[in-house]
>>> print(open('structure07.cif').read())   # mmCIF, N, CA and C atoms
data_input
loop_
_atom_site.label_atom_id
_atom_site.label_comp_id
_atom_site.auth_asym_id
_atom_site.auth_seq_id
_atom_site.Cartn_x
_atom_site.Cartn_y
_atom_site.Cartn_z
N MET A 19 52.77 -42.82 125.86
CA MET A 19 53.71 -42.76 126.97
C MET A 19 52.93 -42.63 128.26
N GLY A 20 53.30 -43.45 129.25
CA GLY A 20 52.62 -43.43 130.54
C GLY A 20 53.58 -43.12 131.67
N ILE A 21 53.01 -43.08 132.83
CA ILE A 21 53.80 -42.85 134.04
C ILE A 21 53.76 -44.13 134.88
N VAL A 22 54.93 -44.61 135.28
CA VAL A 22 55.05 -45.78 136.12
C VAL A 22 55.13 -45.32 137.57
N VAL A 23 54.33 -45.95 138.42
CA VAL A 23 54.41 -45.69 139.85
C VAL A 23 54.89 -46.97 140.52
N GLY A 24 55.85 -46.83 141.42
CA GLY A 24 56.42 -48.00 142.07
C GLY A 24 56.56 -47.80 143.57
N LEU A 25 56.43 -48.89 144.29
CA LEU A 25 56.62 -48.89 145.74
C LEU A 25 57.91 -49.64 146.04
N ILE A 26 58.82 -48.97 146.71
CA ILE A 26 60.09 -49.57 147.10
C ILE A 26 60.06 -49.74 148.62
N ARG A 27 60.23 -50.97 149.08
CA ARG A 27 60.27 -51.24 150.51
C ARG A 27 61.73 -51.25 150.94
N VAL A 28 62.06 -50.35 151.87
CA VAL A 28 63.44 -50.20 152.36
C VAL A 28 63.50 -50.75 153.78
N MET A 29 64.36 -51.73 153.98
CA MET A 29 64.54 -52.33 155.30
C MET A 29 65.93 -51.98 155.83
N PRO A 30 65.98 -51.38 157.01
CA PRO A 30 67.29 -51.06 157.59
C PRO A 30 67.99 -52.31 158.11
N SER A 31 69.29 -52.20 158.28
CA SER A 31 70.08 -53.33 158.74
C SER A 31 69.99 -53.56 160.24
N GLU A 32 69.42 -52.58 160.95
CA GLU A 32 69.28 -52.68 162.40
C GLU A 32 68.18 -51.72 162.85
N VAL A 33 67.85 -51.78 164.13
CA VAL A 33 66.88 -50.84 164.69
C VAL A 33 67.53 -49.46 164.71
N LEU A 34 66.85 -48.48 164.10
CA LEU A 34 67.41 -47.13 164.01
C LEU A 34 66.66 -46.17 164.91
N GLU A 35 67.41 -45.25 165.50
CA GLU A 35 66.81 -44.17 166.28
C GLU A 35 66.12 -43.20 165.32
N ASP A 36 65.26 -42.34 165.86
CA ASP A 36 64.51 -41.40 165.03
C ASP A 36 65.41 -40.52 164.17
N ASP A 37 66.51 -40.01 164.76
CA ASP A 37 67.40 -39.13 163.99
C ASP A 37 68.11 -39.90 162.86
N GLN A 38 68.46 -41.16 163.11
CA GLN A 38 69.08 -41.98 162.06
C GLN A 38 68.10 -42.25 160.93
N LEU A 39 66.84 -42.48 161.28
CA LEU A 39 65.81 -42.72 160.28
C LEU A 39 65.55 -41.46 159.45
N ARG A 40 65.54 -40.31 160.11
CA ARG A 40 65.37 -39.04 159.38
C ARG A 40 66.52 -38.81 158.41
N LYS A 41 67.75 -39.12 158.82
CA LYS A 41 68.91 -38.97 157.93
C LYS A 41 68.78 -39.89 156.72
N MET A 42 68.30 -41.12 156.95
CA MET A 42 68.10 -42.05 155.84
C MET A 42 67.05 -41.50 154.87
N ILE A 43 65.97 -40.95 155.39
CA ILE A 43 64.93 -40.37 154.55
C ILE A 43 65.50 -39.21 153.74
N ASP A 44 66.29 -38.36 154.37
CA ASP A 44 66.90 -37.23 153.66
C ASP A 44 67.81 -37.71 152.53
N LYS A 45 68.58 -38.76 152.78
CA LYS A 45 69.47 -39.31 151.75
C LYS A 45 68.67 -39.89 150.59
N ILE A 46 67.56 -40.56 150.91
CA ILE A 46 66.71 -41.12 149.86
C ILE A 46 66.15 -40.00 149.00
N LYS A 47 65.74 -38.91 149.64
CA LYS A 47 65.19 -37.77 148.89
C LYS A 47 66.21 -37.21 147.90
N THR A 48 67.48 -37.21 148.27
CA THR A 48 68.51 -36.68 147.36
C THR A 48 68.80 -37.62 146.20
N LEU A 49 68.49 -38.92 146.36
CA LEU A 49 68.75 -39.89 145.29
C LEU A 49 67.72 -39.83 144.17
N ILE A 50 66.52 -39.36 144.48
CA ILE A 50 65.45 -39.33 143.48
C ILE A 50 65.65 -38.09 142.62
N LYS A 51 66.09 -38.31 141.41
CA LYS A 51 66.39 -37.20 140.50
C LYS A 51 65.48 -37.26 139.28
N LEU A 52 65.27 -36.11 138.66
CA LEU A 52 64.44 -36.05 137.46
C LEU A 52 64.97 -37.00 136.41
N PRO A 53 64.14 -37.66 135.66
CA PRO A 53 62.71 -37.45 135.51
C PRO A 53 61.85 -38.13 136.57
N ALA A 54 62.46 -38.87 137.50
CA ALA A 54 61.70 -39.51 138.57
C ALA A 54 61.23 -38.47 139.57
N LYS A 55 60.11 -38.77 140.23
CA LYS A 55 59.57 -37.87 141.25
C LYS A 55 59.20 -38.70 142.47
N LEU A 56 59.53 -38.15 143.63
CA LEU A 56 59.19 -38.80 144.89
C LEU A 56 57.72 -38.54 145.20
N GLY A 57 56.97 -39.61 145.42
CA GLY A 57 55.57 -39.47 145.79
C GLY A 57 55.44 -39.29 147.30
N SER A 58 55.91 -40.27 148.05
CA SER A 58 55.84 -40.20 149.51
C SER A 58 56.83 -41.18 150.12
N ILE A 59 57.11 -40.95 151.40
CA ILE A 59 57.90 -41.90 152.20
C ILE A 59 57.14 -42.13 153.48
N GLU A 60 56.75 -43.37 153.72
CA GLU A 60 56.01 -43.74 154.92
C GLU A 60 56.88 -44.62 155.81
N ILE A 61 56.83 -44.36 157.10
CA ILE A 61 57.53 -45.20 158.07
C ILE A 61 56.56 -46.29 158.51
N LYS A 62 57.01 -47.54 158.41
CA LYS A 62 56.17 -48.68 158.79
C LYS A 62 56.82 -49.46 159.92
N ASN A 63 56.07 -49.69 160.98
CA ASN A 63 56.55 -50.52 162.08
C ASN A 63 56.52 -51.98 161.63
N ILE A 64 57.66 -52.66 161.81
CA ILE A 64 57.77 -54.06 161.39
C ILE A 64 57.59 -54.97 162.61
N ALA A 65 58.57 -54.98 163.51
CA ALA A 65 58.49 -55.79 164.72
C ALA A 65 59.67 -55.46 165.63
N PHE A 66 59.44 -55.55 166.93
CA PHE A 66 60.50 -55.40 167.93
C PHE A 66 61.30 -54.11 167.75
N GLY A 67 60.63 -53.02 167.42
CA GLY A 67 61.29 -51.73 167.27
C GLY A 67 61.86 -51.47 165.88
N LEU A 68 61.89 -52.48 165.03
CA LEU A 68 62.40 -52.31 163.67
C LEU A 68 61.34 -51.60 162.83
N ARG A 69 61.78 -50.56 162.13
CA ARG A 69 60.88 -49.80 161.26
C ARG A 69 61.47 -49.76 159.86
N GLY A 70 60.60 -49.96 158.88
CA GLY A 70 61.01 -49.89 157.49
C GLY A 70 60.39 -48.68 156.83
N LEU A 71 60.75 -48.46 155.59
CA LEU A 71 60.22 -47.32 154.83
C LEU A 71 59.55 -47.83 153.57
N ASN A 72 58.40 -47.27 153.26
CA ASN A 72 57.75 -47.48 151.97
C ASN A 72 57.93 -46.21 151.17
N VAL A 73 58.68 -46.31 150.08
CA VAL A 73 59.00 -45.16 149.24
C VAL A 73 58.22 -45.29 147.93
N THR A 74 57.37 -44.30 147.64
CA THR A 74 56.60 -44.30 146.40
C THR A 74 57.26 -43.33 145.42
N VAL A 75 57.52 -43.83 144.21
CA VAL A 75 58.22 -43.06 143.19
C VAL A 75 57.43 -43.16 141.89
N THR A 76 57.38 -42.05 141.14
CA THR A 76 56.82 -42.08 139.79
C THR A 76 57.91 -41.71 138.80
N ILE A 77 57.81 -42.31 137.61
CA ILE A 77 58.82 -42.08 136.58
C ILE A 77 58.17 -42.37 135.22
N PRO A 78 58.52 -41.60 134.19
CA PRO A 78 57.99 -41.92 132.85
C PRO A 78 58.42 -43.33 132.43
N ASP A 79 57.53 -44.05 131.74
CA ASP A 79 57.85 -45.43 131.39
C ASP A 79 59.01 -45.56 130.41
N THR A 80 59.42 -44.48 129.79
CA THR A 80 60.55 -44.51 128.87
C THR A 80 61.89 -44.23 129.57
N ALA A 81 61.87 -43.98 130.87
CA ALA A 81 63.07 -43.53 131.57
C ALA A 81 63.87 -44.64 132.25
N GLY A 82 63.49 -45.89 132.10
CA GLY A 82 64.33 -46.95 132.64
C GLY A 82 63.79 -47.70 133.83
N GLY A 83 62.67 -47.31 134.37
CA GLY A 83 62.04 -48.07 135.43
C GLY A 83 62.46 -47.70 136.84
N ILE A 84 61.91 -48.45 137.78
CA ILE A 84 62.07 -48.20 139.20
C ILE A 84 63.29 -48.93 139.77
N ASP A 85 63.67 -50.05 139.17
CA ASP A 85 64.76 -50.86 139.72
C ASP A 85 66.08 -50.11 139.92
N PRO A 86 66.52 -49.27 139.00
CA PRO A 86 67.77 -48.54 139.24
C PRO A 86 67.72 -47.65 140.49
N ILE A 87 66.55 -47.10 140.78
CA ILE A 87 66.40 -46.27 141.98
C ILE A 87 66.53 -47.14 143.23
N ALA A 88 65.89 -48.31 143.22
CA ALA A 88 65.99 -49.23 144.35
C ALA A 88 67.44 -49.68 144.57
N GLU A 89 68.17 -49.90 143.48
CA GLU A 89 69.58 -50.30 143.59
C GLU A 89 70.41 -49.21 144.26
N GLU A 90 70.15 -47.95 143.90
CA GLU A 90 70.88 -46.84 144.52
C GLU A 90 70.55 -46.72 146.00
N ILE A 91 69.27 -46.89 146.35
CA ILE A 91 68.86 -46.82 147.75
C ILE A 91 69.53 -47.94 148.55
N SER A 92 69.65 -49.12 147.96
CA SER A 92 70.24 -50.26 148.68
C SER A 92 71.71 -50.04 149.02
N LYS A 93 72.36 -49.09 148.38
CA LYS A 93 73.77 -48.80 148.64
C LYS A 93 73.98 -47.84 149.81
N LEU A 94 72.88 -47.27 150.33
CA LEU A 94 73.00 -46.32 151.43
C LEU A 94 73.42 -47.01 152.72
N GLU A 95 74.03 -46.24 153.59
CA GLU A 95 74.43 -46.74 154.91
C GLU A 95 73.19 -47.15 155.70
N ASN A 96 73.29 -48.25 156.44
CA ASN A 96 72.23 -48.79 157.28
C ASN A 96 71.05 -49.38 156.51
N VAL A 97 71.18 -49.57 155.20
CA VAL A 97 70.11 -50.20 154.43
C VAL A 97 70.48 -51.66 154.18
N GLU A 98 69.63 -52.54 154.66
CA GLU A 98 69.82 -53.98 154.42
C GLU A 98 69.31 -54.35 153.03
N THR A 99 68.07 -53.96 152.74
CA THR A 99 67.49 -54.24 151.42
C THR A 99 66.62 -53.07 150.96
N ALA A 100 66.52 -52.94 149.67
CA ALA A 100 65.58 -51.99 149.05
C ALA A 100 65.04 -52.72 147.83
N GLU A 101 63.78 -53.15 147.91
CA GLU A 101 63.22 -53.92 146.82
C GLU A 101 61.92 -53.31 146.32
N VAL A 102 61.72 -53.42 145.03
CA VAL A 102 60.48 -52.94 144.42
C VAL A 102 59.42 -54.00 144.71
N THR A 103 58.37 -53.60 145.42
CA THR A 103 57.33 -54.56 145.81
C THR A 103 56.05 -54.41 145.01
N ASP A 104 55.87 -53.26 144.35
CA ASP A 104 54.65 -53.05 143.57
C ASP A 104 54.94 -52.04 142.47
N VAL A 105 54.40 -52.31 141.28
CA VAL A 105 54.58 -51.41 140.14
C VAL A 105 53.25 -51.32 139.41
N GLY A 106 52.91 -50.11 138.99
CA GLY A 106 51.69 -49.92 138.22
C GLY A 106 51.89 -48.81 137.19
N LEU A 107 50.95 -48.73 136.28
CA LEU A 107 51.00 -47.71 135.23
C LEU A 107 49.84 -46.76 135.41
N LEU A 108 50.12 -45.46 135.42
CA LEU A 108 49.06 -44.46 135.54
C LEU A 108 48.57 -44.05 134.18
#
>>> encode(input="structure07.cif", output="structure tokens")
Amino acid sequence: MGIVVGLIRVMPSEVLEDDQLRKMIDKIKTLIKLPAKLGSIEIKNIAFGLRGLNVTVTIPDTAGGIDPIAEEISKLENVETAEVTDVGLL
């Protein structure tokens, strides 16, 4: 049994103010439930004031993968897309 680490790129539907981005980060933190663990959330400048989030998550390989977490994140308010961009096994 191994641990899967995944990077989820979250793109907002519009340019968000700092407080809106913090609220989105807080909501993402509440979505990550055991057995998954949140590794980090990085804010990335995209272009013209648009900022995205890189969310790193680890989960046991027997627990169903990273995709269900990305699907839940994509349902949040102000989220245009949440896609798994990288997956690896520790």
>>> select_by_dssp(input="structure07.cif", residues="chain A", states="helix (DSSP H, G or I)", output="JSON, numbers by chain")
{"A": [36, 37, 38, 39, 40, 41, 42, 43, 44, 45, 46, 47, 48, 49, 85, 86, 87, 88, 89, 90, 91, 92]}
>>> closest_residue(input="structure07.cif", among="A:Val102, A:Ala81, A:Ala54, A:Val97", to="A:Gln38", atoms="only C-alpha atoms")
A:Val97
>>> residues_near_point(input="structure07.cif", point="(47.4, -47.6, 141.3)", cutoff="12 Å", atoms="only C-alpha atoms", output="ChimeraX atom specification")
/A:21-25,74-76,104-108
>>> closest_residue(input="structure07.cif", among="A:Val33, A:Ile43, A:Ala100, A:Leu52", to="A:Ile87", atoms="all atoms listed in the file")
A:Ala100
>>> atom_distance(input="structure07.cif", atom1="atom CA of A:Glu98", atom2="atom CA of A:Pro78")
27.4 Å
>>> residues_around(input="structure07.cif", residues="A:Leu94", least_positions_apart="4", cutoff="8 Å", atoms="all atoms listed in the file", output="number ranges by chain")
A: 42, 45-46, 89-90, 98
>>> atom_distance(input="structure07.cif", atom1="atom CA of A:Asp85", atom2="atom CA of A:Asp44")
19.6 Å
>>> closest_residue(input="structure07.cif", among="A:Arg40, A:Val73, A:Ile64, A:Lys93", to="A:Val28", atoms="only C-alpha atoms")
A:Val73
